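Q: Take this structure, written in structure tokens, and hold onto it; I'll ask about it next.
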Amino acid sequence: MKRTALMTEVGRNWDEFHSTDVSRKLPFFSREGRLYDCLFSQQFDRALLNHLFAVADRLRSVTQAKAGADAVARLLAHKRAMLYFVQPSTRTFLSFLNACHILGLKTSEIRDTSTSSEMKGESPEDTVRTFSSYVDLIIMRHPTPGFVEKTAWFMNRVKRPVPVINGGSGKDQHPTQALLDVYTLHRSLPGGPEGKTLVMVGDLKRGRTVRSLSYLMKNYPGVKLVFVSPPQLRMEADILDFLKRHGIPYRETDDFASVMPEADAIYMTRIQDEHDVAGESKSLDLSRFHFRAEHLKVIKPTTIIMHPLPRRHEIAPAVDEDERAVFWRQERNGMWARAALISYIFGVDDQIRMA
Amino acid sequence: MKRTALMTEVGRNWDEFHSTDVSRKLPFFSREGRLYDCLFSQQFDRALLNHLFAVADRLRSVTQAKAGADAVARLLAHKRAMLYFVQPSTRTFLSFLNACHILGLKTSEIRDTSTSSEMKGESPEDTVRTFSSYVDLIIMRHPTPGFVEKTAWFMNRVKRPVPVINGGSGKDQHPTQALLDVYTLHRSLPGGPEGKTLVMVGDLKRGRTVRSLSYLMKNYPGVKLVFVSPPQLRMEADILDFLKRHGIPYRETDDFASVMPEADAIYMTRIQDEHDVAGESKSLDLSRFHFRAEHLKVIKPTTIIMHPLPRRHEIAPAVDEDERAVFWRQERNGMWARAALISYIFGVDDQIRMA
Amino acid sequence: MKRTALMTEVGRNWDEFHSTDVSRKLPFFSREGRLYDCLFSQQFDRALLNHLFAVADRLRSVTQAKAGADAVARLLAHKRAMLYFVQPSTRTFLSFLNACHILGLKTSEIRDTSTSSEMKGESPEDTVRTFSSYVDLIIMRHPTPGFVEKTAWFMNRVKRPVPVINGGSGKDQHPTQALLDVYTLHRSLPGGPEGKTLVMVGDLKRGRTVRSLSYLMKNYPGVKLVFVSPPQLRMEADILDFLKRHGIPYRETDDFASVMPEADAIYMTRIQDEHDVAGESKSLDLSRFHFRAEHLKVIKPTTIIMHPLPRRHEIAPAVDEDERAVFWRQERNGMWARAALISYIFGVDDQIRMA
């Protein structure tokens, strides 16, 4: 069995494991052909995406009626989840929390390590193992890159493993954000992303979401990508290399207005100036990368406008009530996509699809 | 339809809407003849009060037995509430939280904005809209006057509205406190407040609860009010004007002892010295406005003693175990009255009454 | 009835009550022959321990299957608990919280008094009584010695009492930790603790857990105790006196290695240097009181290794995966033992045993 083999080979030592290529690590985080821990957006292939979207769609419709909602809330009423969010993130936290509530999971919250035993000199591994003792699922957001992966690696090696979902780990991975972004493209673009033109705008250099989303586009033949940013905030070379390798056409520009008419989806992002080294974003004229009410006349009647939120000035509030502004629905899609993922990890996804 | 008309007229602009007289705004916060958002004590008329009290009474009795409690907890098990309490208030928070639990609602808590996306530069409107994405009800306490109303106004204008309950908004409104106060008068005074003498004592100038309660007395013919306070903390003119306009008899005094024998209900309050400009409360001799054990002999055998709590020295602890001291029951009444209100907003109130 | 008599005698005045010997106070915290408040490890006699362990064992097995877990979660779905933990303790908090979730209790959390009404000048008694208004059970951890007992004493005297469980009160008592420790001995030692040799290692002077555990050994005939510590951290005289009085054999040593071969259970503890007056622990050579991987060859094949956690360096991580290292199971035992205790307090224990 692949998983066991990998454990033997590289699973023994964390540093060795961590530096292994992601594709080789994936079997370690699966059990019986099914994703067990959700850590990387690379874990989502087309079949799994389609399946999770079908489950999410069904969850939404079934829970409209009280009888359906009650039935869904019984599916995992015997399970307990822990939301270990020691990095501020109310949005993702609430999305996961309510996803758990939809499925009936009981939840424990850790929001602040200062209340934990860490202050008594306990190692982070012991702390996590302690917390896992009481629950059946860990959903974790952590400021340290690699910490969530390390937790999952570690929890796979103990006698009472529990699955781990990555709710955002440092700057490296936030797979359920990628999941909800693709779900939004799938749901709001007629026919889904295939063959569509996706325009990504803003801080492409440091935006985790646009990076993951670009990556996942390999699952959708015919997608064309347009990257719109100031020269200083261009998409990084590793993603561009990836796109070339997979034959996904892209181009780069700093002229947002010129590409608006051809876009099927516009993915706006916030300037991540918290990552500025010396306030360099302040000197940029960012207004050229904003979507204003007047642009609603320029885009196609079917173009959708997305944003991972929170926003600052990238999208004028006047845009919000236009039918094509889907970012509020995108946010809510996150809750449903996460509920679908959790149901899948616990193997009750088919009960939802058949409901 | 009135609501739509108001939206057209004054609903477009917040500042314009906010400055409109409360009575004109009420339709905006109702749907299909039923209160939708609960923001002002002015929303409670006699019929609604009677109905909510009947529901609260029934909730208490039905939930005494496990079968009844379980049935009630199924009523709203498919709904999710968010308690957005960014102002310290454990008392009101717990009261609402457990009211939700009684009805089976799943709950999310926001207690501290420092963990929210507000720090990433998001507008308060976006933050609230985000949080609302995941839930079916917002219960909000906020330090800024008008903020809760603005939230409800705003949420009424988006595609996915959710009802908003005011859990205390700045110094202006705390309608469910008024609700529980009247419920206590209704429950603990034989025949309810009608025709009774209600003595309010303490900081009448700045006490939100005595102001709201005075207002609601217009629903009860024959009520006589006596305001007992130091001259510096007398009831404000706006309430006195209101009472005159509605023909509700009142008088003012600073001699507490003299009015004790005639009181049917004594409503004690705390000096709100957190609102002192320059420590002016400190110079007052407040002991004359305290209720001490010896006063138990002066009041009638049926007089009830209320207090919105927390108290400091206004009521001696020795008074607590007297049958006429109802302030602990008053506190618990809050949980039942709030549960009744929530059941009403979601339209399951009649299922409780018929249970 | 004893309880009433005690209330009359010493129950009137807290200071008088508090200074009464524990054995005389116990009836005050029982109702109808059943423990009502859980405050002292002295409340656990052999019959109650056996009963609670049987309930805990049954809980674990019944909840393995979804149908059983769902049935157990209905037992107390009509009850509400408050976890009042104003002293940092994530471990004990999560253990109790999930114990409540297993039984279906709805939970409210108080983690931080700064959000409470205490800041408005309310007395601690009023605050606790307020919080109790909304719930059916208080689980409390508090930094002030005696505060939890005072709460239970006080709550027994009001019109609407609710049971109180001590989740750790100052340095004096942490009865459910003692409960889970004995449960672990019961579960992991064939035949239970009777006639076994129990070696306690580390900071015996200030370790609350070793003190309580020593005390509870009076319930198990034939137990032999060995206390291993640096001379500066020896077990206190009060416990040694207790052991002498009850004829429980013990000896003291600072040579850990020499007693390893005879141990049936080794109970490791952390040096509680937070209680150092002037950093005196730093000068001690503690490595002689650590359990290292090489010691696994020295102990018997059936010896179990316990630790109340969190640990620092007392047990090498390499020891964790040995079958005899039971401290992770010990931690999880806490959740089950606490669930058993709660079920007992509410009188649904027999429904679990018969399930």
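In the structure tokens, chains take the letters A, B, ... in the order shown, each chain's residues start at 1, and ligands count up from 1 in the order shown.
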Would you list the contacts of C:Lys171 as a PyMOL selection string, taking every protein, DNA or RNA residue within 7 Å and counting only C-alpha atoms, but skipping same-chain residues closer than 2 positions in sequence?
A: chain C and resi 145+169+173+208
Q: With only C-alpha atoms counted and 10 Å as the cut-off, give the residues of chain C in contact with chain A, each with its shortest interatomic distance in Å and the pair that gives it, as a tab-separated table.
A:
```
residue	atom	partner	partner_atom	distance
C:Thr63	CA	A:His78	CA	8.0
C:Gln64	CA	A:His78	CA	9.2
C:Ala65	CA	A:His78	CA	8.8
C:Lys66	CA	A:His78	CA	6.1
C:Ala67	CA	A:His78	CA	8.5
C:Gly68	CA	A:His78	CA	8.9
C:Ala69	CA	A:His78	CA	5.5
C:Asp70	CA	A:His78	CA	5.9
C:Ala71	CA	A:His78	CA	9.5
C:Val72	CA	A:His78	CA	9.4
C:Ala73	CA	A:His78	CA	7.8
C:Val86	CA	A:Thr115	CA	9.8
C:Gln87	CA	A:Thr115	CA	8.2
C:Pro88	CA	A:Thr115	CA	4.7
C:Ser89	CA	A:Ser116	CA	6.0
C:Thr90	CA	A:Ser116	CA	4.9
C:Arg91	CA	A:Phe131	CA	7.1
C:Phe93	CA	A:Ser108	CA	9.8
C:Leu94	CA	A:Tyr134	CA	7.1
C:Ser95	CA	A:Tyr134	CA	6.4
C:Phe96	CA	A:Tyr134	CA	9.5
C:Leu97	CA	A:Ser108	CA	7.5
C:Asn98	CA	A:Tyr134	CA	6.4
C:Ala99	CA	A:Tyr134	CA	8.5
C:His101	CA	A:Lys106	CA	6.5
C:Ile102	CA	A:His78	CA	7.8
C:Gly104	CA	A:Lys106	CA	9.2
C:Lys106	CA	A:Lys106	CA	9.8
C:Arg111	CA	A:Thr115	CA	8.8
C:Asp112	CA	A:Thr115	CA	9.8
C:Arg270	CA	A:Lys120	CA	9.6
C:Gln272	CA	A:Lys120	CA	9.1
C:Asp273	CA	A:Lys120	CA	9.6
C:Glu274	CA	A:Lys120	CA	8.6
C:Leu309	CA	A:Glu122	CA	8.5
C:Pro310	CA	A:Glu122	CA	5.7
C:Arg311	CA	A:Glu122	CA	5.9
C:Arg312	CA	A:Glu122	CA	5.6
C:His313	CA	A:Glu122	CA	9.1
C:Pro317	CA	A:Asp126	CA	9.2
C:Asp320	CA	A:Val158	CA	9.0
C:Glu321	CA	A:Val158	CA	7.5
C:Glu323	CA	A:Lys159	CA	10.0
C:Trp328	CA	A:Thr130	CA	7.4
C:Arg329	CA	A:Ser133	CA	8.2
C:Gln330	CA	A:Ser133	CA	9.9
C:Glu331	CA	A:Ser133	CA	7.2
C:Arg332	CA	A:Ser133	CA	5.7
C:Asn333	CA	A:Ser133	CA	9.5
C:Gly334	CA	A:Tyr134	CA	9.4
C:Met335	CA	A:Tyr134	CA	7.1
C:Trp336	CA	A:Tyr134	CA	9.5
```
Q: Could you write out, as a count of residues only, all the residues of stretch 136-326 of chain B that DSSP marks as strand (DSSP E or B)?
A: 37
Q: Quick one, how far is atom CA of A:Arg31 from atom CA of A:Met155?
A: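 Pair atom CA of A:Arg31 / atom CA of A:Met155 returns 13.4 Å.
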Q: Report as an NGL selection string: the residues of stretch 74-171 of chain B with a DSSP assignment of alpha helix (DSSP H), based on the backbone of this structure.
A: :B and (74-75 or 90-103 or 124-133 or 147-155)
Q: Go ahead and save the residues from that selection, with C-alpha atoms, as a PDB file, in the first residue's frame.
A:
```
ATOM      1  CA  ARG B  74     -36.278  20.731  17.760  1.00  0.00           C
ATOM      2  CA  LEU B  75     -38.316  23.751  16.662  1.00  0.00           C
ATOM      3  CA  THR B  90     -21.868  38.615  29.907  1.00  0.00           C
ATOM      4  CA  ARG B  91     -25.336  38.814  31.416  1.00  0.00           C
ATOM      5  CA  THR B  92     -27.279  39.708  28.291  1.00  0.00           C
ATOM      6  CA  PHE B  93     -25.018  37.497  26.226  1.00  0.00           C
ATOM      7  CA  LEU B  94     -25.675  34.408  28.335  1.00  0.00           C
ATOM      8  CA  SER B  95     -29.367  35.149  28.465  1.00  0.00           C
ATOM      9  CA  PHE B  96     -29.631  35.244  24.669  1.00  0.00           C
ATOM     10  CA  LEU B  97     -27.263  32.317  24.188  1.00  0.00           C
ATOM     11  CA  ASN B  98     -29.311  30.065  26.427  1.00  0.00           C
ATOM     12  CA  ALA B  99     -32.544  31.328  24.883  1.00  0.00           C
ATOM     13  CA  CYS B 100     -31.133  30.090  21.558  1.00  0.00           C
ATOM     14  CA  HIS B 101     -30.156  26.785  23.143  1.00  0.00           C
ATOM     15  CA  ILE B 102     -33.665  26.296  24.497  1.00  0.00           C
ATOM     16  CA  LEU B 103     -35.040  26.584  20.970  1.00  0.00           C
ATOM     17  CA  PRO B 124     -18.173  47.593   9.306  1.00  0.00           C
ATOM     18  CA  GLU B 125     -20.954  47.004   6.771  1.00  0.00           C
ATOM     19  CA  ASP B 126     -18.908  44.400   4.925  1.00  0.00           C
ATOM     20  CA  THR B 127     -17.957  42.722   8.189  1.00  0.00           C
ATOM     21  CA  VAL B 128     -21.562  42.406   9.301  1.00  0.00           C
ATOM     22  CA  ARG B 129     -22.673  41.219   5.890  1.00  0.00           C
ATOM     23  CA  THR B 130     -19.952  38.589   5.926  1.00  0.00           C
ATOM     24  CA  PHE B 131     -20.959  37.305   9.307  1.00  0.00           C
ATOM     25  CA  SER B 132     -24.600  37.262   8.280  1.00  0.00           C
ATOM     26  CA  SER B 133     -23.719  35.038   5.323  1.00  0.00           C
ATOM     27  CA  PHE B 147     -25.109  50.835  14.902  1.00  0.00           C
ATOM     28  CA  VAL B 148     -27.574  48.004  15.475  1.00  0.00           C
ATOM     29  CA  GLU B 149     -30.323  49.918  13.700  1.00  0.00           C
ATOM     30  CA  LYS B 150     -27.992  50.641  10.818  1.00  0.00           C
ATOM     31  CA  THR B 151     -27.157  46.961  10.575  1.00  0.00           C
ATOM     32  CA  ALA B 152     -30.846  46.047  10.414  1.00  0.00           C
ATOM     33  CA  TRP B 153     -31.504  48.827   7.890  1.00  0.00           C
ATOM     34  CA  PHE B 154     -28.636  47.616   5.767  1.00  0.00           C
ATOM     35  CA  MET B 155     -29.513  43.934   6.049  1.00  0.00           C
TER      36      MET B 155
END
```
Q: What lies within 6 Å of stretch 281-294 of chain A using only C-alpha atoms, ignoring chain neighbours under 5 positions off, as an mmCIF file with C-alpha atoms, in the first residue's frame?
A:
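Contents of out_7.cif, freshly written:
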```cif
data_model
loop_
_atom_site.group_PDB
_atom_site.id
_atom_site.type_symbol
_atom_site.label_atom_id
_atom_site.label_comp_id
_atom_site.auth_asym_id
_atom_site.auth_seq_id
_atom_site.Cartn_x
_atom_site.Cartn_y
_atom_site.Cartn_z
ATOM 1 C CA GLU A 314 -10.938 47.357 -5.004
ATOM 2 C CA ILE A 315 -14.676 47.142 -5.650
ATOM 3 C CA ALA A 316 -17.019 50.067 -5.128
ATOM 4 C CA VAL A 319 -21.320 47.324 -7.538
#
```
Q: Do you have the atom CA of C:Ile165-atom CA of C:Arg34 distance handy?
A: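 Value for the atom CA of C:Ile165-atom CA of C:Arg34 distance: 13.9 Å.
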